[in-house]
Amino acid sequence: MIQTRSLRWLLGGLVLLMCLFSVDLCFGEEEYLLLEVYVDGRATHRILEFSQRDGTLLAHADDLREIGLQIPGLSNDWTDLHTLPRGVWRIDIPTQTLFLSTDGRITRASRLMIDRGTDTEMHRNVESSTGMTLNYDLLTTIAGSRSGLNGQANLRAFSPRGTLSSSWLGYAGGVPGPYGTNNAVRLDTTYQYADVDTMRRYSLGDFVTSGLTWTRPVHLTGFQLRSDFSTRPDLVTFPLPSVRGSAAVPSTINVLADGAQVLSQQIEPGPFQVPQLPVVMGAGNIALTVTNALGQQVTLTQRFYASSAMLAPKLQTFAFEAGAVRRDWGSISNHYGSAAAFANYRRGINSSFTFEGKVEAAPGALTPGVGGILRVGTLGTVTASASASFGNGHNGQQLSLGAERLGRVFSIGAYALITRRSYTDVAALNNAPLTRSQISGNVGYSTRHFGTFGAAYGAVNQASYYNASLSAQQQPQRTRILSANYSVQIHHVTVYANEFRSIGDGSNSQGFQGGISFAFGSRSSADISGTSDGTAQIAVRRPATSVGQWGYDAYVQTGSFNHQFAEFQHRSKMGFVTGGIDQTAGVMTGRAETQGAVSLVDRRLFASNEIFDSFAVVDTGAARHVKIFEENRPVGDTGRSGKLLIADVRSFQLNHLSIDATGVPIDATIENAAQTFRPRDLSGVIIRFNIRVNRSALVHITDADGVAEPVGSIATLRSTKAAVTVGYDGSAFVADLEPKNELDVVRPDGHRCSVSFTYKPIPGDIPVLGPFRCKEVVQ
């Protein structure tokens, strides 16, 4: 009995001693597990670390976020899975898998992106070579014994550091022009640089100030810094609708916007989201259909309203401009008014509201203002603004309010602007007439089979102002116009009718026009119309839009005013030319016009059609008459010079050029048959296709007895150390030959020999040389 009791005390002491050294042995063991995780039946394809103790399973908070769980208040330490809201889990021991089930509320939705076919990299490498481009438009007129020449020219120099451009208008001839005989007027001279990484544009010189819908821009000479989204053509700047849903099993979803499919994709079980659906502006419907493996479908319909006048959430734009106001722009080269400064700012607060603000300053006047655009559910948008002016004799206010709804069937809009007291802005300080009140409204109704109806009303009350050109004070003007229109399209024929009426200005003028237009052929169209004053008009045109095309334009008007006009057109690689006659009130006038561009780049002059944005010069080196494709469309060949100018590439976007490899000579090697590039705006880029002439030949080699060298022999050209394998009949294809060449040949049995021969290239062909006897080399 004593021995048993002693044994019990001894065992107890041993257990106590073991507990002192290992707490887990007495109070529960902590076990670490590496488990593959499934969430709501969906494989996460992740293996995470868990800690299990006393029936509790712990996981790192970062790991839970990584597998798509969004849990408010989740700490960064170990988290007990029992604390997950409505979370149930189990472990499958044989497969070492954790199955976690939720109610879907804490699971991050899968984002299904729509492929818009654009490049979305953040850092964009844009290209620009160095050169100059002159755009010109010259019009010559001959009326009786008098002739005249009108012209417009734009000269710009470009480089990777920006563009310097200058635009001019001019007139010369016996008939006085708008600027006087033999005179020229400078329009704008500007240096500008676009930073594609920050989406900002810097301008120095002449420009038009950026503004809001309720401000008035002016011509300014000075400095401008503004946001420029044109550097990111792929960026969606306005709020787009999105759809959300959830699938219990693997399914296929189809999304249609106004009946057009925008997405079809297979999804895993769980919640999903499709952001930024491409839609047409205005009100519309989105249909989401979820189809499971058994063919069962669930369709949800969602209404939306999209407006390009708004900014996407957290997107912002700004502009800061300062300088001197240009007066009489287009009539006088250098006439400046007061100094002025402008600043405006826009920001998308959320998907339903965009904030706007501006401030204008000039000597003696300060005009700040705020406004905004509010999207009212799926009904439309409401705009409002309020600004005030301060200064000596310039204290006043301006208020505006507008609403708009664009619909597929019914559209309506209204806008009102009013100024109080002595409100002014920078434009008014520089003799631009100030609008005291403006009211406008429009309504439109579109049917599927019966055409489109529309009506509009506009009323403008303009204050008196000083006209510098006439050196006279102009009286206040008030204009009110009511108009209506109707059009219907039947196949290729359009029937239209328009009417307007002036109200309350004393003239009681009104007019009606109705007509029919139709297309025939691929480019031709005709229009026949008549007006309420007895005038009839017929116009037939066939524009020359592509290189090599001829076109024409003819117009006849009879009735209260007779007018006839006819011209022919031709567009070539060198430019666009037109010639014709015009008869007005019995006076015959002949006219001829030429439009085009001359560019200096890569030390060469290129004549082309007008270059409004960017262009590319393709260089194929020594290869001539190589066909070039732009976006898989033929655009010309490089001719005898090996160069081709393409005048219509897209700035800040990826452009794709390729060559027709079948047109390259057989003795040439093409290192790059296709290239992509992204040019700066208003600049040119040189795209070089490395087409190298091989100077190659097929050389036949025999031994001293005239027997072909064995297959597998190695022939090495001494000048380049390039080794080639000898094939059947002792043939070896050898490249980079010189007029005199030597080959060292090593036979499969190790014996060596050498052969010497001369080479004369044959353009466009690979000559066959030999056979040449290989002289044995004494080893």
# chains A, B, ... in the order shown; residues from 1 in each chain; ligands from 1
>>> select_by_dssp(residues="segment 131-196 of chain A", states="strand (DSSP E or B)", output="JSON, numbers by chain")
{"A": [131, 132, 133, 134, 135, 136, 137, 138, 139, 140, 141, 142, 143, 146, 147, 148, 149, 150, 151, 152, 153, 154, 155, 156, 157, 158, 159, 162, 163, 164, 165, 166, 167, 168, 169, 170, 171, 172, 173, 183, 184, 185, 186, 187, 188, 189, 190, 191, 192, 193, 194, 195]}
>>> write_last_selection(atoms="C-alpha atoms", output="CSV table (one decimal), in the first residue's frame")
chain,number,residue,atom,x,y,z
A,131,GLY,CA,12.4,68.4,-88.3
A,132,MET,CA,10.0,71.0,-89.8
A,133,THR,CA,6.6,70.9,-91.5
A,134,LEU,CA,4.9,73.6,-93.6
A,135,ASN,CA,1.2,73.2,-94.1
A,136,TYR,CA,-0.3,75.5,-96.8
A,137,ASP,CA,-3.6,76.3,-98.4
A,138,LEU,CA,-3.5,78.6,-101.4
A,139,LEU,CA,-6.6,79.9,-103.3
A,140,THR,CA,-6.3,81.8,-106.6
A,141,THR,CA,-9.3,83.6,-108.0
A,142,ILE,CA,-9.8,85.3,-111.3
A,143,ALA,CA,-12.8,87.6,-111.9
A,146,ARG,CA,-8.7,91.1,-111.7
A,147,SER,CA,-7.1,88.3,-109.8
A,148,GLY,CA,-6.1,87.6,-106.3
A,149,LEU,CA,-4.4,85.1,-104.1
A,150,ASN,CA,-5.5,84.1,-100.6
A,151,GLY,CA,-3.4,81.8,-98.4
A,152,GLN,CA,-3.0,80.3,-95.0
A,153,ALA,CA,0.2,78.7,-93.8
A,154,ASN,CA,1.4,77.0,-90.7
A,155,LEU,CA,5.1,76.4,-90.1
A,156,ARG,CA,6.2,74.2,-87.2
A,157,ALA,CA,9.5,72.8,-85.9
A,158,PHE,CA,9.4,69.8,-83.8
A,159,SER,CA,11.8,67.8,-81.6
A,162,GLY,CA,8.4,70.1,-77.9
A,163,THR,CA,6.9,72.0,-80.9
A,164,LEU,CA,7.3,75.6,-82.1
A,165,SER,CA,4.6,76.6,-84.6
A,166,SER,CA,3.4,79.8,-86.3
A,167,SER,CA,0.3,80.4,-88.3
A,168,TRP,CA,-0.4,83.2,-90.9
A,169,LEU,CA,-3.1,84.5,-93.2
A,170,GLY,CA,-2.2,86.4,-96.3
A,171,TYR,CA,-3.6,88.1,-99.4
A,172,ALA,CA,-2.0,89.4,-102.6
A,173,GLY,CA,-3.5,90.7,-105.8
A,183,ASN,CA,-0.8,92.1,-96.5
A,184,ALA,CA,-0.4,89.3,-94.1
A,185,VAL,CA,-1.7,88.6,-90.6
A,186,ARG,CA,-0.1,86.5,-87.9
A,187,LEU,CA,-2.5,84.2,-86.1
A,188,ASP,CA,-0.7,82.2,-83.4
A,189,THR,CA,3.0,81.6,-82.5
A,190,THR,CA,3.3,79.0,-79.8
A,191,TYR,CA,5.8,76.7,-78.2
A,192,GLN,CA,4.2,73.7,-76.4
A,193,TYR,CA,5.4,70.6,-74.7
A,194,ALA,CA,3.2,67.7,-73.5
A,195,ASP,CA,4.4,65.6,-70.5
>>> atom_distance(atom1="atom CA of His625 of chain A", atom2="atom CA of Ala647 of chain A")
18.4 Å
>>> residues_around(residues="Arg571 of chain A", least_positions_apart="6", cutoff="10 Å", atoms="only C-alpha atoms", output="list in words")
Pro543, Ala544, Thr545, Ser546, Val547, Gly548, Gln549, Trp550, Gly551, Val577, Thr578, Thr594, Gln595, Gly596, Ser608 and Asn609 of chain A
>>> residues_around(residues="Leu737 of chain A", least_positions_apart="4", cutoff="7 Å", atoms="only C-alpha atoms", output="PyMOL selection string")
chain A and resi 695-696+741+759
>>> closest_residue(among="A:Gln276, A:Ser51, A:Ser524, A:Ser251", to="Ala306 of chain A", atoms="only C-alpha atoms")
A:Gln276
>>> residues_around(residues="Gly579 of chain A", least_positions_apart="5", cutoff="7 Å", atoms="only C-alpha atoms", output="list in words")
Glu567, Phe568, Gln569, Arg591, Ala592 and Glu593 of chain A
>>> write_last_selection(atoms="N, CA and C atoms", output="PDB file, in the first residue's frame")
ATOM      1  N   GLU A 567     -16.718  72.327-109.521  1.00  0.00           N
ATOM      2  CA  GLU A 567     -15.277  72.155-109.409  1.00  0.00           C
ATOM      3  C   GLU A 567     -14.913  70.681-109.482  1.00  0.00           C
ATOM      4  N   PHE A 568     -13.680  70.420-109.873  1.00  0.00           N
ATOM      5  CA  PHE A 568     -13.124  69.082-109.877  1.00  0.00           C
ATOM      6  C   PHE A 568     -12.018  69.005-108.828  1.00  0.00           C
ATOM      7  N   GLN A 569     -11.812  67.804-108.303  1.00  0.00           N
ATOM      8  CA  GLN A 569     -10.836  67.596-107.235  1.00  0.00           C
ATOM      9  C   GLN A 569      -9.945  66.413-107.583  1.00  0.00           C
ATOM     10  N   ARG A 591     -11.598  79.758-110.056  1.00  0.00           N
ATOM     11  CA  ARG A 591     -10.837  79.544-108.819  1.00  0.00           C
ATOM     12  C   ARG A 591     -10.032  78.265-108.928  1.00  0.00           C
ATOM     13  N   ALA A 592      -8.869  78.289-108.304  1.00  0.00           N
ATOM     14  CA  ALA A 592      -8.005  77.111-108.211  1.00  0.00           C
ATOM     15  C   ALA A 592      -7.384  77.106-106.823  1.00  0.00           C
ATOM     16  N   GLU A 593      -7.377  75.934-106.189  1.00  0.00           N
ATOM     17  CA  GLU A 593      -6.888  75.831-104.822  1.00  0.00           C
ATOM     18  C   GLU A 593      -5.979  74.611-104.688  1.00  0.00           C
TER      19      GLU A 593
END
>>> residues_around(residues="segment 407-420 of chain A", least_positions_apart="4", cutoff="8 Å", atoms="only C-alpha atoms", output="ChimeraX atom specification")
/A:282-284,396-403,435-447
